[in-house]
Amino acid sequence: MRSFFAKRVCSHDVEDMVQEVALRMQVRRARGAIENVEAYLFQVAQSVLTDRGRRDQVRHRSRHEPLEEAHHPHEEISPARVLEGREQLAIVIAALEELPDRTRQAFVLHRFQEMSYAGIARHMGVSVSAVEKHIMKAIKHLAARLSE
């Protein structure tokens with residue numbers, strides 16, 4: 001089977017197609033004996049090949065780009081990068097502490113507790129508009145502190 005498929009498809013598809021033939025043979029086995037197993041096996045293989053071709057055509061497989069490391073490089077986490085992250089975290093924490101209590105509470109509830117504006121408004125006893133203003137104030141303050 002492998003050599004049959006190797007002549008007709010890309011090498012990385014061969015194992016999948018052999019497995020598909022094995023699966024179809026297993027399902028077929030429940031229906032009774034096969035007179036010429038080898039001929040039937042190659043008939044199933046041809047069917048798998050045809051089905052794959054149809055599927056590839058419908059899915060426009062020839063237009064797909066392979067997912068390779070060059071497209072998504074792995075970023076090394078260097079000691080300098082770790083230090084930079086810690087420094088930015090310290091700036092964010094300091095900036096959050098500088099905020100008025102209600103503004104900080106609204107921001108933390110939204111960003112860290114993932115509460116909706118309406119939920120925060122009910123929790124704090126204020127309007128949704130007030131929550132929006134508190135969160136915008138917090139975002140502006142954090143952005144200013146991080147850009148310094």
# chains A, B, ... in the order shown; residues from 1 in each chain; ligands from 1
>>> select_by_dssp(residues="segment 45-93 of chain A", states="alpha helix (DSSP H)", output="ChimeraX atom specification")
/A:45-58,79-93
>>> residues_around(residues="Asp13 of chain A", least_positions_apart="5", cutoff="12 Å", atoms="only C-alpha atoms", output="MDAnalysis selection string")
chainID A and resid 2 5:8 18:20 48:49 52:53 56
>>> atom_distance(atom1="atom CA of Glu15 of chain A", atom2="atom CA of Met1 of chain A")
9.4 Å
>>> atom_distance(atom1="atom CA of Asp101 of chain A", atom2="atom CA of Gln88 of chain A")
21.6 Å
>>> residues_around(residues="segment 138-141 of chain A", least_positions_apart="3", cutoff="10 Å", atoms="only C-alpha atoms", output="number ranges by chain")
A: 92, 95-96, 98-100, 103-108, 132-135, 144-146
>>> closest_residue(among="A:Val131, A:Val58, A:Ala80, A:Ala90", to="Leu109 of chain A", atoms="only C-alpha atoms")
A:Val131
>>> atom_distance(atom1="atom CA of Ile91 of chain A", atom2="atom CA of Met115 of chain A")
23.9 Å
>>> decode(residues="segment 5-134 of chain A", atoms="C-alpha atoms", output="PDB file, in the first residue's frame")
ATOM      1  CA  PHE A   5       0.435   5.697  -2.532  1.00  0.00           C
ATOM      2  CA  ALA A   6       4.060   6.897  -2.612  1.00  0.00           C
ATOM      3  CA  LYS A   7       3.913   6.960  -6.416  1.00  0.00           C
ATOM      4  CA  ARG A   8       0.717   9.010  -6.418  1.00  0.00           C
ATOM      5  CA  VAL A   9       0.751  11.452  -3.471  1.00  0.00           C
ATOM      6  CA  CYS A  10       3.148  13.531  -1.365  1.00  0.00           C
ATOM      7  CA  SER A  11       5.236  11.518   1.058  1.00  0.00           C
ATOM      8  CA  HIS A  12       3.672  13.152   4.122  1.00  0.00           C
ATOM      9  CA  ASP A  13       0.189  11.925   3.042  1.00  0.00           C
ATOM     10  CA  VAL A  14       1.127   8.269   2.542  1.00  0.00           C
ATOM     11  CA  GLU A  15       0.682   7.099   6.146  1.00  0.00           C
ATOM     12  CA  ASP A  16      -2.699   8.808   6.469  1.00  0.00           C
ATOM     13  CA  MET A  17      -3.942   7.154   3.319  1.00  0.00           C
ATOM     14  CA  VAL A  18      -2.689   3.711   4.369  1.00  0.00           C
ATOM     15  CA  GLN A  19      -4.549   4.174   7.639  1.00  0.00           C
ATOM     16  CA  GLU A  20      -7.696   5.144   5.760  1.00  0.00           C
ATOM     17  CA  VAL A  21      -7.488   1.928   3.716  1.00  0.00           C
ATOM     18  CA  ALA A  22      -7.019  -0.101   6.906  1.00  0.00           C
ATOM     19  CA  LEU A  23     -10.017   1.593   8.480  1.00  0.00           C
ATOM     20  CA  ARG A  24     -12.221   0.938   5.474  1.00  0.00           C
ATOM     21  CA  MET A  25     -11.093  -2.702   5.379  1.00  0.00           C
ATOM     22  CA  GLN A  26     -11.923  -3.082   9.067  1.00  0.00           C
ATOM     23  CA  VAL A  27     -15.405  -1.661   8.544  1.00  0.00           C
ATOM     24  CA  ARG A  28     -15.899  -3.868   5.469  1.00  0.00           C
ATOM     25  CA  ARG A  29     -14.757  -6.977   7.333  1.00  0.00           C
ATOM     26  CA  ALA A  30     -18.008  -7.052   9.273  1.00  0.00           C
ATOM     27  CA  ARG A  31     -19.978  -7.678   6.061  1.00  0.00           C
ATOM     28  CA  GLY A  32     -18.497 -11.059   5.198  1.00  0.00           C
ATOM     29  CA  ALA A  33     -15.677 -12.726   3.281  1.00  0.00           C
ATOM     30  CA  ILE A  34     -13.917 -11.179   0.280  1.00  0.00           C
ATOM     31  CA  GLU A  35     -13.027 -13.497  -2.605  1.00  0.00           C
ATOM     32  CA  ASN A  36      -9.904 -11.699  -3.851  1.00  0.00           C
ATOM     33  CA  VAL A  37      -8.531  -9.700  -0.920  1.00  0.00           C
ATOM     34  CA  GLU A  38      -5.560  -8.222  -2.791  1.00  0.00           C
ATOM     35  CA  ALA A  39      -7.683  -6.917  -5.664  1.00  0.00           C
ATOM     36  CA  TYR A  40     -10.245  -5.539  -3.234  1.00  0.00           C
ATOM     37  CA  LEU A  41      -7.495  -3.886  -1.202  1.00  0.00           C
ATOM     38  CA  PHE A  42      -6.210  -2.010  -4.255  1.00  0.00           C
ATOM     39  CA  GLN A  43      -9.755  -1.093  -5.237  1.00  0.00           C
ATOM     40  CA  VAL A  44     -10.214   0.442  -1.772  1.00  0.00           C
ATOM     41  CA  ALA A  45      -6.845   2.215  -2.108  1.00  0.00           C
ATOM     42  CA  GLN A  46      -7.922   3.681  -5.446  1.00  0.00           C
ATOM     43  CA  SER A  47     -11.177   4.798  -3.842  1.00  0.00           C
ATOM     44  CA  VAL A  48      -9.258   6.484  -1.002  1.00  0.00           C
ATOM     45  CA  LEU A  49      -7.051   8.210  -3.577  1.00  0.00           C
ATOM     46  CA  THR A  50     -10.087   9.407  -5.545  1.00  0.00           C
ATOM     47  CA  ASP A  51     -11.824  10.651  -2.394  1.00  0.00           C
ATOM     48  CA  ARG A  52      -8.689  12.515  -1.324  1.00  0.00           C
ATOM     49  CA  GLY A  53      -8.451  14.151  -4.761  1.00  0.00           C
ATOM     50  CA  ARG A  54     -12.066  15.301  -4.603  1.00  0.00           C
ATOM     51  CA  ARG A  55     -11.640  16.600  -1.069  1.00  0.00           C
ATOM     52  CA  ASP A  56      -8.458  18.462  -2.015  1.00  0.00           C
ATOM     53  CA  GLN A  57     -10.182  20.046  -4.993  1.00  0.00           C
ATOM     54  CA  VAL A  58     -13.206  21.177  -2.977  1.00  0.00           C
ATOM     55  CA  ARG A  59     -11.008  22.526  -0.188  1.00  0.00           C
ATOM     56  CA  HIS A  60      -8.559  24.174  -2.618  1.00  0.00           C
ATOM     57  CA  ARG A  61      -5.676  22.353  -0.964  1.00  0.00           C
ATOM     58  CA  SER A  62      -3.221  23.457  -3.650  1.00  0.00           C
ATOM     59  CA  ARG A  63      -3.655  27.040  -2.426  1.00  0.00           C
ATOM     60  CA  HIS A  64      -2.858  26.222   1.205  1.00  0.00           C
ATOM     61  CA  GLU A  65       0.363  27.452   2.722  1.00  0.00           C
ATOM     62  CA  PRO A  66       2.221  25.002   4.958  1.00  0.00           C
ATOM     63  CA  LEU A  67       2.587  25.947   8.596  1.00  0.00           C
ATOM     64  CA  GLU A  68       6.301  26.225   9.096  1.00  0.00           C
ATOM     65  CA  GLU A  69       8.563  27.636  11.751  1.00  0.00           C
ATOM     66  CA  ALA A  70       9.692  30.407   9.384  1.00  0.00           C
ATOM     67  CA  HIS A  71       6.121  31.753   9.310  1.00  0.00           C
ATOM     68  CA  HIS A  72       5.801  31.619  13.096  1.00  0.00           C
ATOM     69  CA  PRO A  73       9.234  31.963  14.632  1.00  0.00           C
ATOM     70  CA  HIS A  74       9.687  30.856  18.204  1.00  0.00           C
ATOM     71  CA  GLU A  75      10.763  33.747  20.383  1.00  0.00           C
ATOM     72  CA  GLU A  76      13.510  32.925  22.816  1.00  0.00           C
ATOM     73  CA  ILE A  77      12.827  34.072  26.340  1.00  0.00           C
ATOM     74  CA  SER A  78      16.131  35.605  27.218  1.00  0.00           C
ATOM     75  CA  PRO A  79      17.055  36.931  30.657  1.00  0.00           C
ATOM     76  CA  ALA A  80      16.833  40.456  29.237  1.00  0.00           C
ATOM     77  CA  ARG A  81      13.289  39.787  28.016  1.00  0.00           C
ATOM     78  CA  VAL A  82      12.302  38.412  31.439  1.00  0.00           C
ATOM     79  CA  LEU A  83      13.753  41.484  33.151  1.00  0.00           C
ATOM     80  CA  GLU A  84      11.918  43.794  30.750  1.00  0.00           C
ATOM     81  CA  GLY A  85       8.653  41.988  31.478  1.00  0.00           C
ATOM     82  CA  ARG A  86       9.171  42.296  35.219  1.00  0.00           C
ATOM     83  CA  GLU A  87       9.924  46.008  34.883  1.00  0.00           C
ATOM     84  CA  GLN A  88       6.750  46.567  32.846  1.00  0.00           C
ATOM     85  CA  LEU A  89       4.711  44.619  35.388  1.00  0.00           C
ATOM     86  CA  ALA A  90       6.108  46.785  38.188  1.00  0.00           C
ATOM     87  CA  ILE A  91       5.131  49.909  36.230  1.00  0.00           C
ATOM     88  CA  VAL A  92       1.584  48.589  35.708  1.00  0.00           C
ATOM     89  CA  ILE A  93       1.190  47.695  39.385  1.00  0.00           C
ATOM     90  CA  ALA A  94       2.480  51.125  40.455  1.00  0.00           C
ATOM     91  CA  ALA A  95       0.156  52.816  37.952  1.00  0.00           C
ATOM     92  CA  LEU A  96      -2.826  50.825  39.238  1.00  0.00           C
ATOM     93  CA  GLU A  97      -1.993  51.861  42.801  1.00  0.00           C
ATOM     94  CA  GLU A  98      -1.968  55.520  41.710  1.00  0.00           C
ATOM     95  CA  LEU A  99      -5.572  55.301  40.491  1.00  0.00           C
ATOM     96  CA  PRO A 100      -8.507  56.393  42.657  1.00  0.00           C
ATOM     97  CA  ASP A 101     -10.095  53.431  44.469  1.00  0.00           C
ATOM     98  CA  ARG A 102     -13.329  53.349  42.416  1.00  0.00           C
ATOM     99  CA  THR A 103     -11.457  53.626  39.100  1.00  0.00           C
ATOM    100  CA  ARG A 104      -9.039  50.856  40.089  1.00  0.00           C
ATOM    101  CA  GLN A 105     -11.924  48.676  41.310  1.00  0.00           C
ATOM    102  CA  ALA A 106     -13.853  49.080  38.030  1.00  0.00           C
ATOM    103  CA  PHE A 107     -10.752  48.354  35.957  1.00  0.00           C
ATOM    104  CA  VAL A 108      -9.751  45.274  37.974  1.00  0.00           C
ATOM    105  CA  LEU A 109     -13.291  43.886  37.915  1.00  0.00           C
ATOM    106  CA  HIS A 110     -13.455  44.282  34.138  1.00  0.00           C
ATOM    107  CA  ARG A 111      -9.948  43.230  33.082  1.00  0.00           C
ATOM    108  CA  PHE A 112      -9.078  40.623  35.686  1.00  0.00           C
ATOM    109  CA  GLN A 113     -12.444  39.364  36.912  1.00  0.00           C
ATOM    110  CA  GLU A 114     -13.916  39.593  33.376  1.00  0.00           C
ATOM    111  CA  MET A 115     -17.117  41.223  34.590  1.00  0.00           C
ATOM    112  CA  SER A 116     -19.344  43.081  32.144  1.00  0.00           C
ATOM    113  CA  TYR A 117     -19.872  46.809  32.465  1.00  0.00           C
ATOM    114  CA  ALA A 118     -23.450  46.166  33.581  1.00  0.00           C
ATOM    115  CA  GLY A 119     -22.269  43.684  36.219  1.00  0.00           C
ATOM    116  CA  ILE A 120     -19.681  46.145  37.511  1.00  0.00           C
ATOM    117  CA  ALA A 121     -22.302  48.902  37.623  1.00  0.00           C
ATOM    118  CA  ARG A 122     -24.603  46.716  39.750  1.00  0.00           C
ATOM    119  CA  HIS A 123     -21.712  45.631  41.978  1.00  0.00           C
ATOM    120  CA  MET A 124     -20.478  49.183  42.557  1.00  0.00           C
ATOM    121  CA  GLY A 125     -23.924  50.836  42.639  1.00  0.00           C
ATOM    122  CA  VAL A 126     -23.198  53.212  39.766  1.00  0.00           C
ATOM    123  CA  SER A 127     -24.395  53.646  36.190  1.00  0.00           C
ATOM    124  CA  VAL A 128     -22.896  51.817  33.209  1.00  0.00           C
ATOM    125  CA  SER A 129     -21.764  55.198  31.891  1.00  0.00           C
ATOM    126  CA  ALA A 130     -19.809  55.797  35.117  1.00  0.00           C
ATOM    127  CA  VAL A 131     -18.140  52.385  34.752  1.00  0.00           C
ATOM    128  CA  GLU A 132     -17.155  53.246  31.166  1.00  0.00           C
ATOM    129  CA  LYS A 133     -15.620  56.520  32.340  1.00  0.00           C
ATOM    130  CA  HIS A 134     -13.686  54.810  35.156  1.00  0.00           C
TER     131      HIS A 134
END
